Amino acid sequence: MLAKTDAAGATGLLPEVLAFSSSLSLDSRLLREDLVGSLAHLTMLARRGIVPKADASRIREHLVSLFEQAVAGGLELPAEEDVHMAVEAHLTQALGETAGLLHTARSRNDQVALDLRLHVRAQASRALGQLAELVEALATRAETEGHLVLPSYTHRQRAQPVSLGYTLCAWAAAFARDVEALRFVLSQTDALPLGVGAVGGTSLPIDREVTRELLGFSRLTLNGMDTVGDRDFALDFAYATARCLLHTGRVATDMVDFSTSEFGFVTLEGTIACGSSMMPQKRNPDVFELIRGKTGRAVGNLTGLLVTLKGLPGGYNRDLQEDRQPLLETGPLLCDVLGMLKLGLGNVRFNAERMHAALEGDYTQATDVAEALAMKGVPFRTAYKAVGTLVRRLQEARLPLAKVTLELAQGVHPAFDAEVLKAADVRRSVERKANAGGTGPSSVAAQVAQLKRFAVEARDAAQRVPTLEGLFSKLKEAPL
Ligand code: ARG
């Protein structure tokens, strides 16, 4: 049964209304953030002489012990309306009236905005570290197995020969953009909301700069009326997550397809292949299907947040409490999927022969042959048509392009010669592409190097973000 202290006002509330309006079941997950925020606020109040140091020190002792119990997992919160009131009730049980000093110059409106920002900051930096690892792993594999060749696809039809290194770098390039998106999320989140009160500020002589410094934010939010109703940082995180999971979902689809007997490009190790309860022969790619499936949840969370925010009037509105479910799911979902994709890809074997055979038996080098002809001075459109005719003749003769003879080719266009036909060699097709951003070995080496640098920068950026644990150890003994 939820209780309600008179601290939150309206003591006559029906129990059903209280149960309906409570957010404790969700926001109890913000307990550590809430305690760290309270420690910083208390320190500021003491330094400004708003709360006597002796009282501040007693309150701090209790907050510190709550944080330690929360970390150890042994803390039972009183059944209050939300995590903020639960902490206050706990403090009040222990310290009586003194506990009431902590909420001076603070509202739950700026308090919850702080807790959410601390949460997003921690989750986004954790995901950033995981993205760094994923990009690094893909770039490293692009070095070791990058020379293997396979078809690339457009319209899910075989298109052009590419190297495996190029394919792995393509995936990593999308994740590198997700790194940038998360860094944007971190910069949007990096403003202290605390100190603006319920909506209009406070007449007490607080100093938000002190709190800002203690909590490791680089700036203050500009305007309190905006601050208490602002969940843009949450939207940005939900969007970055949804977009990142679109990427993980696309890689997962490639894995699902590539592991079919129709493609046969990869084999799932027994460590990740799931069985069927009925068909004994099955080795299913459930892990990748689930990675793809989780994208729907991320899109749903983003949509849910957008709809919650749509049409709200200025200032604080209780609707905002509905941000909790989608937002608190976002970070763990992102981190879970990133971790599982890295693990899944690490337990996949690429089958060099099957990938090569898909090229050898097909016509994916046709563009290269046309380009070789164009290099001889034949206008590209003419060369394109000649190779088109050549391919159709080979198809009628049931021969792959790799088996083309000079005689057959010259019957189509006199400019074909032995040198032009060398372009039908699958490996040469890959090697000839020297353009930046192409599949040629030197271009892929440059891509790998760039991605590796990117991964290092992402890891460093993640490590620079203050952690809750770090803030707590500083705050528990900061001068009052
Ligand atoms: N539980 C509320 C939330 O999460 C805290 C803020 C409540 N503010 C208020 N004015 N009732 O949004």
# chains A, B, ... in the order shown; residues from 1 in each chain; ligands from 1

call {"tool": "residues_near_ligand", "arguments": {"ligand": "ligand 1", "cutoff": "7 Å", "atoms": "only C-alpha atoms and all ligand atoms", "output": "PyMOL selection string"}}
result
chain A and resi 22-23+81-82+108-109+112+318+320-321

call {"tool": "select_by_dssp", "arguments": {"residues": "region 133-275 of chain A", "states": "alpha helix (DSSP H)", "output": "MDAnalysis selection string"}}
result
chainID A and resid 133:144 164:189 208:215 224:229 232:258

call {"tool": "closest_residue", "arguments": {"among": "A:Asp257, A:Asp34, A:Asp286, A:Glu329", "to": "Asn301 (chain A)", "atoms": "only C-alpha atoms"}}
result
A:Glu329

call {"tool": "closest_atom_pairs", "arguments": {"of": "region 109-128 of chain A", "to": "region 337-351 of chain A", "cutoff": "12 Å", "atoms": "only C-alpha atoms", "output": "tab-separated table"}}
result
residue	atom	partner	partner_atom	distance
A:Arg126	CA	A:Leu338	CA	10.5
A:Ala127	CA	A:Leu338	CA	7.7
A:Leu128	CA	A:Leu338	CA	9.9

call {"tool": "closest_residue", "arguments": {"among": "A:Thr189, A:Thr267, A:Thr227, A:Gln123", "to": "Thr330 (chain A)", "atoms": "only C-alpha atoms"}}
result
A:Gln123
